[in-house]
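Data block for coords31.pdb (PDB, C-alpha atoms):
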```pdb
ATOM      1  CA  MET A   1      73.929  84.718 120.979
ATOM      2  CA  ASN A   2      75.564  84.218 124.323
ATOM      3  CA  ASN A   3      77.213  86.956 126.312
ATOM      4  CA  SER A   4      81.007  86.615 126.399
ATOM      5  CA  ASN A   5      81.113  86.838 130.185
ATOM      6  CA  GLY A   6      80.640  83.072 130.551
ATOM      7  CA  PRO A   7      82.801  80.721 132.589
ATOM      8  CA  LEU A   8      86.427  80.132 131.742
ATOM      9  CA  VAL A   9      87.408  76.596 130.830
ATOM     10  CA  ASP A  10      90.779  75.453 132.124
ATOM     11  CA  LEU A  11      92.486  73.226 129.560
ATOM     12  CA  SER A  12      95.656  72.525 131.494
ATOM     13  CA  PRO A  13      95.596  72.147 135.262
ATOM     14  CA  LEU A  14      99.399  71.713 135.350
ATOM     15  CA  ASP A  15     100.275  75.363 134.727
ATOM     16  CA  ARG A  16      98.108  77.439 137.043
ATOM     17  CA  GLY A  17     100.717  80.058 137.890
ATOM     18  CA  ARG A  18     100.712  81.665 134.451
ATOM     19  CA  LYS A  19      98.183  84.489 134.466
ATOM     20  CA  THR A  20      98.312  87.248 131.873
ATOM     21  CA  ARG A  21      95.964  90.013 130.971
ATOM     22  CA  GLY A  22      93.250  89.198 128.512
ATOM     23  CA  MET A  23      93.558  85.488 127.895
ATOM     24  CA  SER A  24      96.109  82.956 128.989
ATOM     25  CA  SER A  25      97.177  80.107 126.793
ATOM     26  CA  ASP A  26      95.560  77.640 129.202
ATOM     27  CA  SER A  27      92.068  79.002 129.694
ATOM     28  CA  PHE A  28      89.558  80.636 127.422
ATOM     29  CA  ASN A  29      85.976  81.754 127.363
ATOM     30  CA  PRO A  30      84.039  79.352 125.104
ATOM     31  CA  ASP A  31      81.680  82.148 124.047
ATOM     32  CA  ASP A  32      84.605  83.990 122.454
ATOM     33  CA  PHE A  33      84.945  81.119 119.972
ATOM     34  CA  GLU A  34      81.277  80.592 119.149
ATOM     35  CA  ALA A  35      81.036  79.677 115.433
ATOM     36  CA  ILE A  36      84.596  80.950 114.948
ATOM     37  CA  ARG A  37      85.303  78.701 111.954
ATOM     38  CA  LEU A  38      82.244  79.954 110.099
ATOM     39  CA  ARG A  39      83.049  83.550 111.047
ATOM     40  CA  ARG A  40      86.600  83.171 109.708
ATOM     41  CA  ILE A  41      85.324  81.694 106.432
ATOM     42  CA  PHE A  42      82.864  84.540 105.851
ATOM     43  CA  ALA A  43      85.446  87.121 106.935
ATOM     44  CA  TYR A  44      87.915  85.750 104.405
ATOM     45  CA  ALA A  45      85.251  85.801 101.661
ATOM     46  CA  ILE A  46      84.575  89.474 102.403
ATOM     47  CA  ASP A  47      88.328  90.149 102.397
ATOM     48  CA  VAL A  48      88.674  88.453  99.000
ATOM     49  CA  VAL A  49      86.039  90.822  97.604
ATOM     50  CA  CYS A  50      87.810  93.848  99.146
ATOM     51  CA  ILE A  51      91.180  92.701  97.789
ATOM     52  CA  ALA A  52      89.649  92.119  94.351
ATOM     53  CA  ILE A  53      88.250  95.668  94.277
ATOM     54  CA  ILE A  54      91.576  97.158  95.369
ATOM     55  CA  THR A  55      93.431  95.003  92.836
ATOM     56  CA  PHE A  56      91.077  96.041  90.025
ATOM     57  CA  ILE A  57      91.614  99.730  90.772
ATOM     58  CA  ALA A  58      95.367  99.213  91.095
ATOM     59  CA  THR A  59      95.426  97.270  87.811
ATOM     60  CA  VAL A  60      93.767 100.147  85.967
ATOM     61  CA  VAL A  61      96.270 102.599  87.458
ATOM     62  CA  ALA A  62      99.188 100.235  86.734
ATOM     63  CA  THR A  63      98.054  99.788  83.135
ATOM     64  CA  LEU A  64      97.888 103.538  82.627
ATOM     65  CA  LEU A  65     101.336 103.995  84.203
ATOM     66  CA  GLY A  66     102.695 101.166  82.056
ATOM     67  CA  VAL A  67     101.377 102.806  78.899
ATOM     68  CA  ILE A  68     102.683 106.223  79.916
ATOM     69  CA  SER A  69     106.154 104.795  80.675
ATOM     70  CA  PHE A  70     106.172 102.708  77.457
ATOM     71  CA  GLY A  71     106.321  99.518  79.555
ATOM     72  CA  LEU A  72     109.375 100.471  81.616
ATOM     73  CA  LEU A  73     107.423 100.422  84.904
ATOM     74  CA  SER A  74     105.500  97.221  84.109
ATOM     75  CA  PRO A  75     107.758  94.792  86.072
ATOM     76  CA  LEU A  76     107.624  97.025  89.142
ATOM     77  CA  LEU A  77     103.865  97.444  88.848
ATOM     78  CA  VAL A  78     103.354  93.671  88.596
ATOM     79  CA  LEU A  79     105.315  93.226  91.837
ATOM     80  CA  ILE A  80     103.213  95.899  93.542
ATOM     81  CA  LEU A  81     100.004  94.193  92.394
ATOM     82  CA  ALA A  82     101.241  90.894  93.835
ATOM     83  CA  LEU A  83     101.834  92.545  97.216
ATOM     84  CA  ILE A  84      98.285  93.891  97.577
ATOM     85  CA  PRO A  85      96.885  90.916  99.578
ATOM     86  CA  LEU A  86      99.907  90.909 101.908
ATOM     87  CA  SER A  87      99.699  94.663 102.399
ATOM     88  CA  TYR A  88      95.958  94.538 103.033
ATOM     89  CA  HIS A  89      96.312  91.899 105.723
ATOM     90  CA  THR A  90      99.434  93.381 107.323
ATOM     91  CA  LEU A  91      98.216  96.964 107.562
ATOM     92  CA  LEU A  92      94.778  96.108 108.899
ATOM     93  CA  VAL A  93      95.652  93.281 111.303
ATOM     94  CA  GLY A  94      98.781  95.032 112.549
ATOM     95  CA  GLY A  95      96.898  98.302 113.000
ATOM     96  CA  PRO A  96      94.779  99.479 115.922
ATOM     97  CA  GLY A  97      91.721  97.352 115.035
ATOM     98  CA  SER A  98      93.667  94.061 114.834
ATOM     99  CA  ALA A  99      91.246  92.911 112.140
ATOM    100  CA  THR A 100      90.721  93.108 108.404
ATOM    101  CA  LEU A 101      87.503  94.602 107.044
ATOM    102  CA  GLY A 102      85.957  91.141 106.753
ATOM    103  CA  MET A 103      86.979  90.276 110.300
ATOM    104  CA  ARG A 104      85.440  93.518 111.562
ATOM    105  CA  PHE A 105      82.228  92.801 109.696
ATOM    106  CA  MET A 106      82.107  89.291 111.210
ATOM    107  CA  ASN A 107      82.909  90.691 114.668
ATOM    108  CA  VAL A 108      86.242  88.907 115.207
ATOM    109  CA  ARG A 109      89.811  90.071 115.751
ATOM    110  CA  MET A 110      93.264  88.606 116.042
ATOM    111  CA  GLU A 111      95.138  88.605 119.348
ATOM    112  CA  ARG A 112      98.343  87.179 120.684
ATOM    113  CA  MET A 113      97.746  84.341 123.144
ATOM    114  CA  ASN A 114      98.801  86.618 126.008
ATOM    115  CA  GLY A 115      96.059  89.130 125.111
ATOM    116  CA  ASP A 116      98.264  91.675 123.309
ATOM    117  CA  LYS A 117      97.454  93.031 119.877
ATOM    118  CA  PRO A 118      99.607  91.750 117.008
ATOM    119  CA  ASP A 119     102.165  94.183 115.627
ATOM    120  CA  TYR A 120     102.909  94.722 111.938
ATOM    121  CA  LEU A 121     105.672  92.100 111.844
ATOM    122  CA  VAL A 122     103.417  89.407 113.310
ATOM    123  CA  ALA A 123     100.620  90.406 110.925
ATOM    124  CA  PHE A 124     102.983  90.234 107.938
ATOM    125  CA  ILE A 125     104.392  86.836 108.900
ATOM    126  CA  HIS A 126     100.848  85.589 109.583
ATOM    127  CA  ALA A 127      99.738  86.619 106.093
ATOM    128  CA  VAL A 128     102.809  85.096 104.420
ATOM    129  CA  LEU A 129     102.391  81.814 106.286
ATOM    130  CA  PHE A 130      98.688  81.729 105.463
ATOM    131  CA  TYR A 131      99.132  82.278 101.722
ATOM    132  CA  LEU A 132     102.102  79.897 101.503
ATOM    133  CA  SER A 133     100.443  77.098 103.480
ATOM    134  CA  VAL A 134      97.158  77.387 101.590
ATOM    135  CA  GLY A 135      98.953  77.509  98.247
ATOM    136  CA  VAL A 136     101.257  74.566  98.935
ATOM    137  CA  THR A 137      98.584  72.295 100.435
ATOM    138  CA  SER A 138      95.662  73.325  98.196
ATOM    139  CA  SER A 139      93.791  74.582 101.268
ATOM    140  CA  LEU A 140      93.932  71.193 103.027
ATOM    141  CA  ILE A 141      95.949  72.797 105.838
ATOM    142  CA  LEU A 142      92.753  74.592 106.892
ATOM    143  CA  LEU A 143      91.462  71.278 108.275
ATOM    144  CA  VAL A 144      93.739  71.847 111.286
ATOM    145  CA  SER A 145      91.048  74.094 112.761
ATOM    146  CA  LEU A 146      88.707  71.134 113.133
ATOM    147  CA  PHE A 147      90.953  69.491 115.721
ATOM    148  CA  ASN A 148      91.103  72.199 118.389
ATOM    149  CA  PRO A 149      88.402  74.005 120.363
ATOM    150  CA  ARG A 150      89.544  77.514 119.400
ATOM    151  CA  GLY A 151      89.505  76.953 115.634
ATOM    152  CA  ARG A 152      93.202  77.849 115.365
ATOM    153  CA  LEU A 153      95.096  77.166 112.161
ATOM    154  CA  LEU A 154      98.711  76.102 111.706
ATOM    155  CA  HIS A 155      99.962  79.655 111.207
ATOM    156  CA  ASP A 156      98.098  80.685 114.382
ATOM    157  CA  TYR A 157     100.013  78.044 116.326
ATOM    158  CA  LEU A 158     103.345  79.049 114.808
ATOM    159  CA  LEU A 159     102.871  82.711 115.737
ATOM    160  CA  ASP A 160     101.043  82.129 119.036
ATOM    161  CA  THR A 161      97.950  84.022 117.881
ATOM    162  CA  VAL A 162      94.232  83.374 118.059
ATOM    163  CA  VAL A 163      91.200  84.788 116.280
ATOM    164  CA  ARG A 164      88.340  85.345 118.695
ATOM    165  CA  ARG A 165      84.905  86.917 118.695
ATOM    166  CA  ILE A 166      84.572  90.485 119.938
ATOM    167  CA  PRO A 167      81.830  90.841 122.558
ATOM    168  CA  LEU A 168      78.935  92.998 121.430
ATOM    169  CA  ARG A 169      78.400  96.167 123.431
ATOM    170  CA  SER A 170      74.941  96.674 124.882
TER     171      SER A 170
END
```

This structure in structure tokens:
Amino acid sequence: MNNSNGPLVDLSPLDRGRKTRGMSSDSFNPDDFEAIRLRRIFAYAIDVVCIAIITFIATVVATLLGVISFGLLSPLLVLILALIPLSYHTLLVGGPGSATLGMRFMNVRMERMNGDKPDYLVAFIHAVLFYLSVGVTSSLILLVSLFNPRGRLLHDYLLDTVVRRIPLRS
């Protein structure tokens, strides 16, 4: 695996005056996006397993609470169960690590294009846009990543975010 201190590739020579900390929207380190599509796929698969475990535990608790309340809490508990994937993504990506458990395992994190970490609002909107776009297009929207060098998806473009590889510490 290459070290992430490689050369920067300038994608737009027209806007040279815009320099920000971390990464600008015009240049990037190609090593930071090495196998990023595959990393995102595996990260999402790990996240699906984590969400399934959390949902299973929450379903057992919700069932017990539904029985204890004679079904009065059931509508509220169903809503809470539906919010588990959104909460998982929002709390972990918007938090200090800027990555879900799967993303951390695959050594990637989400950043704003100017190098800042995403806040909770950006993480929430990112998750909503992801689940809506995948649901409406039957996952065909994910093909967008094949047409750009950073592997960005439509919701990444809309929120000005990028998922990039974290350099390994020696």

Can you turn the PyMOL selection byres ((chain A and resi 143-159) around 6) into a concrete residue list for this file, as an MDAnalysis selection string? chainID A and resid 33 37 129 140:142 160:162

In the coordinates of the file, take the point (98.6, 86.6, 106.1) and a cut-off of 9 Å; then, counting all atoms listed in the file, name each qualifying protein, DNA or RNA residue as a CSV table (one decimal) with C-alpha atoms, in the frame of the given file.
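And here's result-v3.csv as it stands now:
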```
chain,number,residue,atom,x,y,z
A,85,PRO,CA,96.9,90.9,99.6
A,86,LEU,CA,99.9,90.9,101.9
A,87,SER,CA,99.7,94.7,102.4
A,88,TYR,CA,96.0,94.5,103.0
A,89,HIS,CA,96.3,91.9,105.7
A,90,THR,CA,99.4,93.4,107.3
A,93,VAL,CA,95.7,93.3,111.3
A,123,ALA,CA,100.6,90.4,110.9
A,124,PHE,CA,103.0,90.2,107.9
A,125,ILE,CA,104.4,86.8,108.9
A,126,HIS,CA,100.8,85.6,109.6
A,127,ALA,CA,99.7,86.6,106.1
A,128,VAL,CA,102.8,85.1,104.4
A,129,LEU,CA,102.4,81.8,106.3
A,130,PHE,CA,98.7,81.7,105.5
A,131,TYR,CA,99.1,82.3,101.7
A,132,LEU,CA,102.1,79.9,101.5
A,155,HIS,CA,100.0,79.7,111.2
```

Which polymer residues have any atom within 9 Å of an atom of Phe42 in chain A, counting all atoms listed in the file, with same-chain residues fewer than 3 positions away left out, as a PDB file with C-alpha atoms, in the frame of the given file?
```pdb
ATOM      1  CA  ARG A  37      85.303  78.701 111.954  1.00  0.00           C
ATOM      2  CA  LEU A  38      82.244  79.954 110.099  1.00  0.00           C
ATOM      3  CA  ARG A  39      83.049  83.550 111.047  1.00  0.00           C
ATOM      4  CA  ALA A  45      85.251  85.801 101.661  1.00  0.00           C
ATOM      5  CA  ILE A  46      84.575  89.474 102.403  1.00  0.00           C
ATOM      6  CA  ASP A  47      88.328  90.149 102.397  1.00  0.00           C
ATOM      7  CA  GLY A 102      85.957  91.141 106.753  1.00  0.00           C
ATOM      8  CA  MET A 103      86.979  90.276 110.300  1.00  0.00           C
ATOM      9  CA  MET A 106      82.107  89.291 111.210  1.00  0.00           C
TER      10      MET A 106
END
```

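The two atoms in question, CA of Asp119 in chain A and CA of Leu91 in chain A, are spaced 9.4 Å apart.
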
Which residues match the PyMOL selection byres ((chain A and resi 164) around 6) in the file above, as an mmCIF file with C-alpha atoms, in the frame of the given file?
```cif
data_model
loop_
_atom_site.group_PDB
_atom_site.id
_atom_site.type_symbol
_atom_site.label_atom_id
_atom_site.label_comp_id
_atom_site.auth_asym_id
_atom_site.auth_seq_id
_atom_site.Cartn_x
_atom_site.Cartn_y
_atom_site.Cartn_z
ATOM 1 C CA ASP A 32 84.605 83.990 122.454
ATOM 2 C CA PHE A 33 84.945 81.119 119.972
ATOM 3 C CA VAL A 108 86.242 88.907 115.207
ATOM 4 C CA ARG A 109 89.811 90.071 115.751
ATOM 5 C CA VAL A 163 91.200 84.788 116.280
ATOM 6 C CA ARG A 165 84.905 86.917 118.695
#
```

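Between Ala99 in chain A and the candidates A:Ile36, A:Ala43, A:Ala52, A:Val61, the tightest atom-to-atom separation, counting only C-alpha atoms, involves A:Ala43.
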
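Counting only C-alpha atoms and comparing A:Ile41, A:Val48, A:Leu92, A:Leu76, the residue that lies closest to Lys117 in chain A is A:Leu92.
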
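Across the model, the gap from CA of Leu81 in chain A to CA of Gly135 in chain A is 17.7 Å.
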
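Atom pair CA of Gly66 in chain A / CA of Ala82 in chain A: separated by 15.7 Å.
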
Would you mind telling me which residue in A:Leu65, A:Leu168, A:Val136, A:Ala58 lies nearest to Ile84 in chain A when using all atoms listed in the file? A:Ala58

Need the axis-aligned box for range 39-47 of chain A with 3 Å each side, so what are the centre and edges in Å to one decimal, as AutoDock Vina command-line options?
```
--center_x 85.6 --center_y 85.9 --center_z 106.4 --size_x 11.5 --size_y 14.5 --size_z 15.4
```

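With only C-alpha atoms as the atoms that count, the residue of A:Ser74, A:Ser69, A:Ser138, A:Thr100 with the shortest distance to Cys50 in chain A is A:Thr100.
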
Please, can range 94-109 of chain A be completed to N, CA and C atoms and returned as a short mmCIF file (atom, residue, chain, number, x, y, z; two decimals), keeping the file's coordinate frame?
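In the end it all went to rebuild-v7.cif:
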```
data_model
loop_
_atom_site.label_atom_id
_atom_site.label_comp_id
_atom_site.auth_asym_id
_atom_site.auth_seq_id
_atom_site.Cartn_x
_atom_site.Cartn_y
_atom_site.Cartn_z
N GLY A 94 97.76 94.43 111.71
CA GLY A 94 98.78 95.03 112.55
C GLY A 94 98.40 96.39 113.09
N GLY A 95 97.34 96.98 112.57
CA GLY A 95 96.90 98.30 113.00
C GLY A 95 96.09 98.26 114.29
N PRO A 96 95.48 99.38 114.64
CA PRO A 96 94.78 99.48 115.92
C PRO A 96 93.57 98.56 116.05
N GLY A 97 92.91 98.21 114.95
CA GLY A 97 91.72 97.35 115.04
C GLY A 97 92.03 95.87 115.15
N SER A 98 93.24 95.47 114.81
CA SER A 98 93.67 94.06 114.83
C SER A 98 92.74 93.16 114.03
N ALA A 99 92.17 93.69 112.96
CA ALA A 99 91.25 92.91 112.14
C ALA A 99 91.15 93.51 110.75
N THR A 100 90.98 92.64 109.76
CA THR A 100 90.72 93.11 108.40
C THR A 100 89.28 93.59 108.33
N LEU A 101 88.88 94.13 107.19
CA LEU A 101 87.50 94.60 107.04
C LEU A 101 86.51 93.45 107.19
N GLY A 102 86.83 92.31 106.62
CA GLY A 102 85.96 91.14 106.75
C GLY A 102 85.86 90.67 108.19
N MET A 103 86.98 90.68 108.90
CA MET A 103 86.98 90.28 110.30
C MET A 103 86.14 91.24 111.13
N ARG A 104 86.24 92.53 110.84
CA ARG A 104 85.44 93.52 111.56
C ARG A 104 83.95 93.32 111.30
N PHE A 105 83.62 93.03 110.05
CA PHE A 105 82.23 92.80 109.70
C PHE A 105 81.68 91.56 110.40
N MET A 106 82.52 90.53 110.56
CA MET A 106 82.11 89.29 111.21
C MET A 106 82.35 89.33 112.72
N ASN A 107 82.78 90.47 113.23
CA ASN A 107 82.91 90.69 114.67
C ASN A 107 83.97 89.79 115.32
N VAL A 108 85.11 89.65 114.65
CA VAL A 108 86.24 88.91 115.21
C VAL A 108 87.51 89.74 115.07
N ARG A 109 88.52 89.40 115.86
CA ARG A 109 89.81 90.07 115.75
C ARG A 109 90.91 89.09 116.13
#
```
